[in-house]
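**Q** So that you have it, the file is run_13.cif, and it contains mmCIF, N, CA and C atoms:
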```cif
data_model
loop_
_atom_site.label_atom_id
_atom_site.label_comp_id
_atom_site.auth_asym_id
_atom_site.auth_seq_id
_atom_site.Cartn_x
_atom_site.Cartn_y
_atom_site.Cartn_z
N MET F 730 13.77 -22.93 -5.01
CA MET F 730 12.85 -22.84 -3.90
C MET F 730 11.43 -22.85 -4.49
N PRO F 731 10.70 -23.96 -4.37
CA PRO F 731 9.39 -24.07 -5.00
C PRO F 731 8.27 -23.33 -4.29
N CYS F 732 8.43 -23.04 -2.98
CA CYS F 732 7.34 -22.42 -2.23
C CYS F 732 7.90 -21.75 -0.99
N VAL F 733 7.35 -20.60 -0.66
CA VAL F 733 7.74 -19.89 0.55
C VAL F 733 6.46 -19.64 1.35
N VAL F 734 6.49 -19.99 2.61
CA VAL F 734 5.36 -19.71 3.50
C VAL F 734 5.81 -18.62 4.46
N ILE F 735 5.04 -17.56 4.54
CA ILE F 735 5.40 -16.40 5.36
C ILE F 735 4.40 -16.27 6.50
N ASP F 736 4.91 -16.16 7.70
CA ASP F 736 4.08 -15.94 8.89
C ASP F 736 3.93 -14.43 9.06
N VAL F 737 2.74 -13.91 8.88
CA VAL F 737 2.50 -12.47 8.94
C VAL F 737 2.98 -11.89 10.26
N ASP F 738 2.76 -12.61 11.35
CA ASP F 738 3.15 -12.11 12.67
C ASP F 738 4.67 -12.00 12.85
N ARG F 739 5.42 -12.74 12.03
CA ARG F 739 6.89 -12.71 12.13
C ARG F 739 7.57 -12.02 10.95
N ALA F 740 6.78 -11.52 10.02
CA ALA F 740 7.33 -10.87 8.83
C ALA F 740 8.00 -9.55 9.21
N PRO F 741 9.01 -9.14 8.44
CA PRO F 741 9.69 -7.86 8.72
C PRO F 741 8.72 -6.68 8.65
N ARG F 742 8.91 -5.75 9.57
CA ARG F 742 8.09 -4.54 9.63
C ARG F 742 8.96 -3.31 9.47
N GLN F 743 8.38 -2.30 8.84
CA GLN F 743 9.07 -1.02 8.69
C GLN F 743 8.07 0.10 8.94
N PRO F 744 8.53 1.21 9.53
CA PRO F 744 7.61 2.34 9.71
C PRO F 744 7.31 2.99 8.37
N LEU F 745 6.08 3.46 8.23
CA LEU F 745 5.69 4.22 7.04
C LEU F 745 6.17 5.66 7.19
N HIS F 746 6.34 6.31 6.06
CA HIS F 746 6.76 7.71 5.99
C HIS F 746 5.83 8.58 6.84
N LYS F 747 6.37 9.57 7.50
CA LYS F 747 5.64 10.53 8.32
C LYS F 747 5.02 9.91 9.57
N GLY F 748 5.50 8.71 9.99
CA GLY F 748 4.97 8.08 11.18
C GLY F 748 3.52 7.67 11.07
N ARG F 749 3.05 7.42 9.84
CA ARG F 749 1.63 7.13 9.60
C ARG F 749 1.22 5.73 10.00
N GLY F 750 2.19 4.85 10.23
CA GLY F 750 1.85 3.47 10.57
C GLY F 750 3.01 2.54 10.27
N THR F 751 2.68 1.32 9.86
CA THR F 751 3.67 0.27 9.64
C THR F 751 3.36 -0.48 8.36
N THR F 752 4.41 -0.95 7.70
CA THR F 752 4.24 -1.86 6.57
C THR F 752 4.85 -3.21 6.96
N ILE F 753 4.15 -4.27 6.63
CA ILE F 753 4.59 -5.63 6.92
C ILE F 753 4.97 -6.27 5.59
N GLN F 754 6.24 -6.54 5.42
CA GLN F 754 6.76 -7.09 4.16
C GLN F 754 6.43 -8.58 4.06
N LEU F 755 5.77 -8.99 2.97
CA LEU F 755 5.39 -10.38 2.80
C LEU F 755 6.12 -11.04 1.63
N VAL F 756 5.80 -10.64 0.41
CA VAL F 756 6.40 -11.23 -0.78
C VAL F 756 7.10 -10.13 -1.55
N ASN F 757 8.39 -10.32 -1.81
CA ASN F 757 9.19 -9.33 -2.52
C ASN F 757 10.48 -10.01 -2.98
N PRO F 758 11.37 -9.28 -3.62
CA PRO F 758 12.61 -9.91 -4.08
C PRO F 758 13.42 -10.58 -2.96
N ALA F 759 13.28 -10.13 -1.73
CA ALA F 759 14.02 -10.74 -0.62
C ALA F 759 13.64 -12.21 -0.41
N VAL F 760 12.43 -12.60 -0.82
CA VAL F 760 12.01 -14.01 -0.70
C VAL F 760 11.99 -14.70 -2.06
N GLY F 761 12.54 -14.05 -3.09
CA GLY F 761 12.66 -14.66 -4.40
C GLY F 761 11.66 -14.19 -5.44
N ALA F 762 10.74 -13.30 -5.08
CA ALA F 762 9.75 -12.81 -6.06
C ALA F 762 10.44 -11.89 -7.07
N ARG F 763 10.14 -12.07 -8.33
CA ARG F 763 10.72 -11.23 -9.38
C ARG F 763 9.72 -10.28 -9.99
N HIS F 764 8.42 -10.56 -9.85
CA HIS F 764 7.42 -9.79 -10.57
C HIS F 764 6.38 -9.11 -9.70
N VAL F 765 6.46 -9.29 -8.38
CA VAL F 765 5.42 -8.73 -7.52
C VAL F 765 5.98 -8.42 -6.12
N ASP F 766 5.38 -7.42 -5.49
CA ASP F 766 5.65 -7.08 -4.09
C ASP F 766 4.30 -7.06 -3.39
N VAL F 767 4.17 -7.82 -2.31
CA VAL F 767 2.92 -7.86 -1.55
C VAL F 767 3.26 -7.54 -0.10
N HIS F 768 2.53 -6.59 0.45
CA HIS F 768 2.73 -6.24 1.85
C HIS F 768 1.42 -5.75 2.45
N ILE F 769 1.39 -5.69 3.77
CA ILE F 769 0.23 -5.17 4.49
C ILE F 769 0.62 -3.82 5.05
N ASN F 770 -0.20 -2.82 4.79
CA ASN F 770 -0.01 -1.50 5.39
C ASN F 770 -1.03 -1.33 6.51
N GLU F 771 -0.54 -0.93 7.67
CA GLU F 771 -1.40 -0.63 8.80
C GLU F 771 -1.23 0.85 9.11
N LEU F 772 -2.28 1.64 8.87
CA LEU F 772 -2.22 3.08 9.09
C LEU F 772 -2.97 3.45 10.37
N HIS F 773 -2.34 4.29 11.16
CA HIS F 773 -2.94 4.75 12.42
C HIS F 773 -4.25 5.48 12.14
N PRO F 774 -5.16 5.49 13.13
CA PRO F 774 -6.39 6.26 12.97
C PRO F 774 -6.10 7.71 12.58
N LEU F 775 -6.87 8.18 11.61
CA LEU F 775 -6.76 9.55 11.09
C LEU F 775 -5.35 9.90 10.61
N ALA F 776 -4.57 8.90 10.22
CA ALA F 776 -3.24 9.15 9.68
C ALA F 776 -3.35 10.04 8.44
N PRO F 777 -2.46 11.02 8.31
CA PRO F 777 -2.53 11.91 7.15
C PRO F 777 -2.22 11.17 5.86
N LEU F 778 -2.54 11.80 4.77
CA LEU F 778 -2.19 11.24 3.47
C LEU F 778 -0.68 11.12 3.34
N GLY F 779 -0.25 10.10 2.64
CA GLY F 779 1.16 10.01 2.28
C GLY F 779 1.44 11.01 1.17
N ASN F 780 2.66 11.01 0.69
CA ASN F 780 3.03 11.91 -0.41
C ASN F 780 2.20 11.61 -1.66
N TYR F 781 1.76 12.67 -2.33
CA TYR F 781 1.07 12.54 -3.62
C TYR F 781 2.14 12.13 -4.62
N HIS F 782 1.94 10.97 -5.25
CA HIS F 782 3.00 10.40 -6.08
C HIS F 782 2.43 9.62 -7.25
N VAL F 783 3.32 9.17 -8.10
CA VAL F 783 2.95 8.37 -9.26
C VAL F 783 3.98 7.25 -9.41
N HIS F 784 3.51 6.14 -9.95
CA HIS F 784 4.40 5.04 -10.34
C HIS F 784 4.39 5.01 -11.87
N ARG F 785 5.53 5.10 -12.46
CA ARG F 785 5.59 5.17 -13.93
C ARG F 785 5.30 3.84 -14.60
N THR F 786 5.72 2.73 -13.95
CA THR F 786 5.50 1.41 -14.56
C THR F 786 4.74 0.44 -13.68
N ALA F 787 4.70 0.69 -12.38
CA ALA F 787 4.08 -0.27 -11.46
C ALA F 787 2.57 -0.09 -11.36
N GLU F 788 1.88 -1.21 -11.25
CA GLU F 788 0.46 -1.22 -10.94
C GLU F 788 0.30 -1.38 -9.43
N ASN F 789 -0.70 -0.72 -8.87
CA ASN F 789 -1.00 -0.79 -7.44
C ASN F 789 -2.38 -1.39 -7.25
N ILE F 790 -2.49 -2.30 -6.32
CA ILE F 790 -3.79 -2.84 -5.93
C ILE F 790 -3.86 -2.77 -4.42
N TYR F 791 -4.95 -2.23 -3.89
CA TYR F 791 -5.21 -2.22 -2.45
C TYR F 791 -6.42 -3.11 -2.19
N VAL F 792 -6.28 -4.03 -1.25
CA VAL F 792 -7.41 -4.83 -0.77
C VAL F 792 -7.66 -4.36 0.65
N ILE F 793 -8.77 -3.68 0.88
CA ILE F 793 -9.05 -3.10 2.19
C ILE F 793 -9.58 -4.20 3.10
N LEU F 794 -8.85 -4.43 4.21
CA LEU F 794 -9.25 -5.46 5.17
C LEU F 794 -10.09 -4.87 6.30
N THR F 795 -9.61 -3.79 6.92
CA THR F 795 -10.33 -3.12 8.00
C THR F 795 -10.11 -1.62 7.89
N GLY F 796 -11.06 -0.86 8.42
CA GLY F 796 -10.93 0.59 8.41
C GLY F 796 -11.44 1.20 7.13
N ARG F 797 -11.12 2.48 6.97
CA ARG F 797 -11.60 3.25 5.81
C ARG F 797 -10.44 4.02 5.21
N ALA F 798 -10.15 3.77 3.94
CA ALA F 798 -9.06 4.46 3.24
C ALA F 798 -9.58 5.73 2.59
N ARG F 799 -8.80 6.79 2.72
CA ARG F 799 -9.06 8.04 2.00
C ARG F 799 -7.95 8.18 0.98
N MET F 800 -8.32 8.35 -0.28
CA MET F 800 -7.34 8.48 -1.34
C MET F 800 -7.62 9.73 -2.15
N ILE F 801 -6.57 10.36 -2.60
CA ILE F 801 -6.67 11.40 -3.61
C ILE F 801 -6.09 10.76 -4.87
N VAL F 802 -6.93 10.63 -5.89
CA VAL F 802 -6.53 9.99 -7.15
C VAL F 802 -6.80 10.98 -8.26
N GLU F 803 -5.74 11.39 -8.95
CA GLU F 803 -5.85 12.41 -10.01
C GLU F 803 -6.62 13.63 -9.50
N GLY F 804 -6.34 14.03 -8.26
CA GLY F 804 -6.93 15.23 -7.70
C GLY F 804 -8.33 15.07 -7.11
N GLU F 805 -8.93 13.89 -7.22
CA GLU F 805 -10.27 13.66 -6.69
C GLU F 805 -10.22 12.75 -5.48
N GLU F 806 -11.04 13.07 -4.47
CA GLU F 806 -11.08 12.24 -3.26
C GLU F 806 -11.91 10.99 -3.50
N ARG F 807 -11.40 9.87 -3.01
CA ARG F 807 -12.09 8.58 -3.09
C ARG F 807 -12.02 7.92 -1.73
N LEU F 808 -13.05 7.15 -1.37
CA LEU F 808 -13.06 6.40 -0.12
C LEU F 808 -13.24 4.93 -0.45
N ALA F 809 -12.63 4.06 0.35
CA ALA F 809 -12.79 2.62 0.17
C ALA F 809 -12.79 1.96 1.54
N GLY F 810 -13.61 0.93 1.70
CA GLY F 810 -13.72 0.25 2.98
C GLY F 810 -13.55 -1.25 2.84
N PRO F 811 -13.75 -1.96 3.95
CA PRO F 811 -13.56 -3.41 3.96
C PRO F 811 -14.33 -4.11 2.85
N GLY F 812 -13.66 -5.07 2.23
CA GLY F 812 -14.28 -5.82 1.15
C GLY F 812 -14.16 -5.15 -0.20
N GLN F 813 -13.52 -3.98 -0.26
CA GLN F 813 -13.35 -3.30 -1.54
C GLN F 813 -11.90 -3.42 -2.00
N VAL F 814 -11.73 -3.41 -3.31
CA VAL F 814 -10.41 -3.51 -3.95
C VAL F 814 -10.24 -2.28 -4.82
N VAL F 815 -9.06 -1.66 -4.73
CA VAL F 815 -8.75 -0.46 -5.50
C VAL F 815 -7.61 -0.81 -6.46
N PHE F 816 -7.79 -0.48 -7.73
CA PHE F 816 -6.72 -0.67 -8.73
C PHE F 816 -6.28 0.69 -9.22
N ILE F 817 -4.99 0.95 -9.13
CA ILE F 817 -4.41 2.21 -9.62
C ILE F 817 -3.38 1.86 -10.69
N PRO F 818 -3.67 2.18 -11.94
CA PRO F 818 -2.74 1.86 -13.02
C PRO F 818 -1.49 2.75 -12.99
N PRO F 819 -0.45 2.35 -13.70
CA PRO F 819 0.75 3.18 -13.79
C PRO F 819 0.39 4.57 -14.35
N GLY F 820 1.12 5.57 -13.86
CA GLY F 820 0.95 6.93 -14.37
C GLY F 820 -0.17 7.73 -13.73
N VAL F 821 -0.91 7.13 -12.79
CA VAL F 821 -2.02 7.83 -12.14
C VAL F 821 -1.55 8.36 -10.79
N PRO F 822 -1.51 9.69 -10.61
CA PRO F 822 -1.06 10.25 -9.33
C PRO F 822 -2.07 9.96 -8.22
N HIS F 823 -1.54 9.64 -7.02
CA HIS F 823 -2.39 9.27 -5.91
C HIS F 823 -1.68 9.43 -4.58
N ALA F 824 -2.47 9.44 -3.51
CA ALA F 824 -1.98 9.45 -2.14
C ALA F 824 -3.04 8.75 -1.29
N THR F 825 -2.62 8.07 -0.23
CA THR F 825 -3.55 7.31 0.60
C THR F 825 -3.34 7.64 2.07
N GLY F 826 -4.44 7.70 2.81
CA GLY F 826 -4.40 7.90 4.25
C GLY F 826 -5.55 7.16 4.90
N ASN F 827 -5.69 7.31 6.21
CA ASN F 827 -6.75 6.67 6.96
C ASN F 827 -7.84 7.70 7.23
N ALA F 828 -9.05 7.43 6.76
CA ALA F 828 -10.16 8.37 6.90
C ALA F 828 -10.93 8.17 8.20
N GLY F 829 -10.60 7.12 8.95
CA GLY F 829 -11.41 6.80 10.11
C GLY F 829 -10.69 6.93 11.43
N ASP F 830 -11.44 6.68 12.50
CA ASP F 830 -10.85 6.75 13.83
C ASP F 830 -10.47 5.36 14.37
N SER F 831 -10.40 4.39 13.47
CA SER F 831 -9.88 3.06 13.82
C SER F 831 -8.77 2.73 12.83
N PRO F 832 -7.90 1.75 13.14
CA PRO F 832 -6.80 1.42 12.24
C PRO F 832 -7.29 1.00 10.85
N LEU F 833 -6.53 1.39 9.85
CA LEU F 833 -6.76 0.96 8.47
C LEU F 833 -5.74 -0.13 8.17
N ARG F 834 -6.22 -1.26 7.71
CA ARG F 834 -5.31 -2.37 7.35
C ARG F 834 -5.66 -2.77 5.93
N LEU F 835 -4.65 -2.74 5.06
CA LEU F 835 -4.87 -3.10 3.67
C LEU F 835 -3.70 -3.90 3.14
N VAL F 836 -4.01 -4.81 2.23
CA VAL F 836 -2.99 -5.54 1.50
C VAL F 836 -2.67 -4.69 0.28
N GLU F 837 -1.38 -4.44 0.06
CA GLU F 837 -0.96 -3.71 -1.14
C GLU F 837 -0.18 -4.66 -2.02
N ILE F 838 -0.60 -4.74 -3.27
CA ILE F 838 0.10 -5.54 -4.28
C ILE F 838 0.68 -4.55 -5.27
N TYR F 839 1.96 -4.68 -5.51
CA TYR F 839 2.72 -3.71 -6.30
C TYR F 839 3.53 -4.49 -7.33
N ALA F 840 3.27 -4.24 -8.62
CA ALA F 840 3.96 -5.02 -9.64
C ALA F 840 4.27 -4.16 -10.86
N PRO F 841 5.48 -4.24 -11.36
CA PRO F 841 6.59 -5.02 -10.82
C PRO F 841 7.20 -4.36 -9.59
N PRO F 842 7.93 -5.14 -8.80
CA PRO F 842 8.56 -4.57 -7.60
C PRO F 842 9.73 -3.68 -7.97
N GLY F 843 10.20 -2.94 -6.99
CA GLY F 843 11.37 -2.09 -7.20
C GLY F 843 11.03 -0.63 -7.05
N PRO F 844 12.05 0.20 -7.04
CA PRO F 844 11.82 1.64 -6.83
C PRO F 844 11.12 2.28 -8.03
N ASP F 845 9.94 2.79 -7.81
CA ASP F 845 9.16 3.46 -8.85
C ASP F 845 8.18 4.41 -8.14
N PHE F 846 8.70 5.29 -7.33
CA PHE F 846 7.90 6.22 -6.51
C PHE F 846 8.38 7.62 -6.83
N HIS F 847 7.52 8.41 -7.47
CA HIS F 847 7.90 9.75 -7.91
C HIS F 847 6.89 10.75 -7.35
N VAL F 848 7.36 11.61 -6.44
CA VAL F 848 6.50 12.62 -5.82
C VAL F 848 6.04 13.61 -6.87
N VAL F 849 4.75 13.95 -6.83
CA VAL F 849 4.14 14.89 -7.76
C VAL F 849 3.91 16.21 -7.03
N GLY F 850 4.25 17.32 -7.69
CA GLY F 850 3.98 18.64 -7.11
C GLY F 850 4.99 18.96 -6.09
#
```
So that I can check it, write out the structure of this file as structure tokens.

**A**
Amino acid sequence: MPCVVIDVDRAPRQPLHKGRGTTIQLVNPAVGARHVDVHINELHPLAPLGNYHVHRTAENIYVILTGRARMIVEGEERLAGPGQVVFIPPGVPHATGNAGDSPLRLVEIYAPPGPDFHVVG
């Protein structure tokens, strides 16, 4: 399969933990990707932080499309908005939520794909 075209509006959706919003699955092993997972996270206004966690081997990249992200990274609060990109290397504990009163929409790139989510504390 040389190329896969994914229609975002028809891509599989799953609820995020704690009812914080929805994730839209785009590129992952289900479509043949071996080295990357790409999805869109849509977090409800003022959605709480997700679990504080770490990825032992995976790199995380957030591309903020709309809204304002609130993150706790290594115990420090960080904010990111539209047009900003966040890189979180493996081994760095973090949690993300919506800091604003409008929806937060971000592209999350996760590499390599697969289970690598370890709750901290």

**Q** I need the output of the PyMOL selection byres ((chain F and resi 826) around 6) for this file as a ChimeraX atom specification; which residues are they?

**A** /F:776-779,797-800,824-825,827-828

**Q** I need the residues from that last selection saved to file as a short mmCIF file (atom, residue, chain, number, x, y, z; two decimals), keeping the file's coordinate frame (with N, CA and C atoms), if you can.

**A**
```cif
data_model
loop_
_atom_site.label_atom_id
_atom_site.label_comp_id
_atom_site.auth_asym_id
_atom_site.auth_seq_id
_atom_site.Cartn_x
_atom_site.Cartn_y
_atom_site.Cartn_z
N ALA F 776 -4.57 8.90 10.22
CA ALA F 776 -3.24 9.15 9.68
C ALA F 776 -3.35 10.04 8.44
N PRO F 777 -2.46 11.02 8.31
CA PRO F 777 -2.53 11.91 7.15
C PRO F 777 -2.22 11.17 5.86
N LEU F 778 -2.54 11.80 4.77
CA LEU F 778 -2.19 11.24 3.47
C LEU F 778 -0.68 11.12 3.34
N GLY F 779 -0.25 10.10 2.64
CA GLY F 779 1.16 10.01 2.28
C GLY F 779 1.44 11.01 1.17
N ARG F 797 -11.12 2.48 6.97
CA ARG F 797 -11.60 3.25 5.81
C ARG F 797 -10.44 4.02 5.21
N ALA F 798 -10.15 3.77 3.94
CA ALA F 798 -9.06 4.46 3.24
C ALA F 798 -9.58 5.73 2.59
N ARG F 799 -8.80 6.79 2.72
CA ARG F 799 -9.06 8.04 2.00
C ARG F 799 -7.95 8.18 0.98
N MET F 800 -8.32 8.35 -0.28
CA MET F 800 -7.34 8.48 -1.34
C MET F 800 -7.62 9.73 -2.15
N ALA F 824 -2.47 9.44 -3.51
CA ALA F 824 -1.98 9.45 -2.14
C ALA F 824 -3.04 8.75 -1.29
N THR F 825 -2.62 8.07 -0.23
CA THR F 825 -3.55 7.31 0.60
C THR F 825 -3.34 7.64 2.07
N ASN F 827 -5.69 7.31 6.21
CA ASN F 827 -6.75 6.67 6.96
C ASN F 827 -7.84 7.70 7.23
N ALA F 828 -9.05 7.43 6.76
CA ALA F 828 -10.16 8.37 6.90
C ALA F 828 -10.93 8.17 8.20
#
```

**Q** If the PyMOL selection byres ((chain F and resi 811) around 7) is run on the structure shown, which residues does it catch, given as a list in words?

**A** Val792, Ile793, Leu794, Thr795, Gly796, Arg797, Ala798, Ala809, Gly810, Gly812, Gln813 and Val814 of chain F

**Q** For F:Pro842, find every residue with an atom within 9 Å (counting only C-alpha atoms), except residues of its own chain fewer than 5 positions away, and show them as a PyMOL selection string.

**A** chain F and resi 757-758+762-767+787

**Q** Just so the selection is clear, what residues does the PyMOL selection byres (((chain F and resi 784 and name CA) around 8) and name CA) cover here, as a list of chain:residue names?

**A** F:His782, F:Val783, F:Arg785, F:Thr786, F:Ala787, F:Glu788, F:Pro819, F:Gly820, F:Val821, F:Pro822, F:Asp845, F:Phe846, F:His847

**Q** Which is closer to F:Ile838 than all the others in F:Gly804, F:Gly850, F:Gly750, F:Pro818, using only C-alpha atoms?

**A**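 That would be F:Pro818, the residue with the smallest distance to F:Ile838.
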
**Q** Tell me, which residues of stretch 731-847 of chain F carry DSSP strand (DSSP E or B), written as a ChimeraX atom specification?

**A** /F:742-744,750-756,766-772,782-783,788-795,798-802,805-809,814-817,823-827,833-840,847

**Q** Do you have the atom N of F:Gln754-atom N of F:Val836 distance handy?

**A** 10.9 Å

**Q** One number please: atom CA of F:Val760 to atom C of F:Val734, in Å, one decimal.

**A** 9.3 Å

**Q** Point out the residue among F:Leu745, F:His823, F:Tyr791, F:Asp738 with the least atom-to-atom distance to F:Glu803, counting only N, CA and C atoms.

**A** F:His823

**Q** Taking only chain F into account, list the residues labelled helix (DSSP H, G or I) by DSSP (computed from the backbone), as a PyMOL selection string.

**A** chain F and resi 737-739+746-748+758-760

**Q** Rounded to one decimal, what separation in Å do you get between atom N of F:Gly829 and atom C of F:Leu808?

**A**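 A separation of 10.0 Å between them.
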
**Q** Closest to F:Val849 among F:Phe816, F:Thr751, F:Tyr781, F:Pro832, using all atoms listed in the file?

**A** F:Tyr781

**Q** Work out where the centre of an axis-aligned box around every listed atom of stretch 733-736 of chain F lies and how long its edges are once 8 Å is added on each side; give both in Å to one decimal as JSON.

**A**
```
{"center_x": 5.8, "center_y": -17.5, "center_z": 4.2, "size_x": 19.8, "size_y": 22.2, "size_z": 25.7}
```

**Q** Taking into account only C-alpha atoms, which residue in the set F:Glu806, F:Pro741, F:Pro841, F:Val815 is nearest to F:Ala759?

**A**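 So, comparing all the options, the nearest one is F:Pro741.
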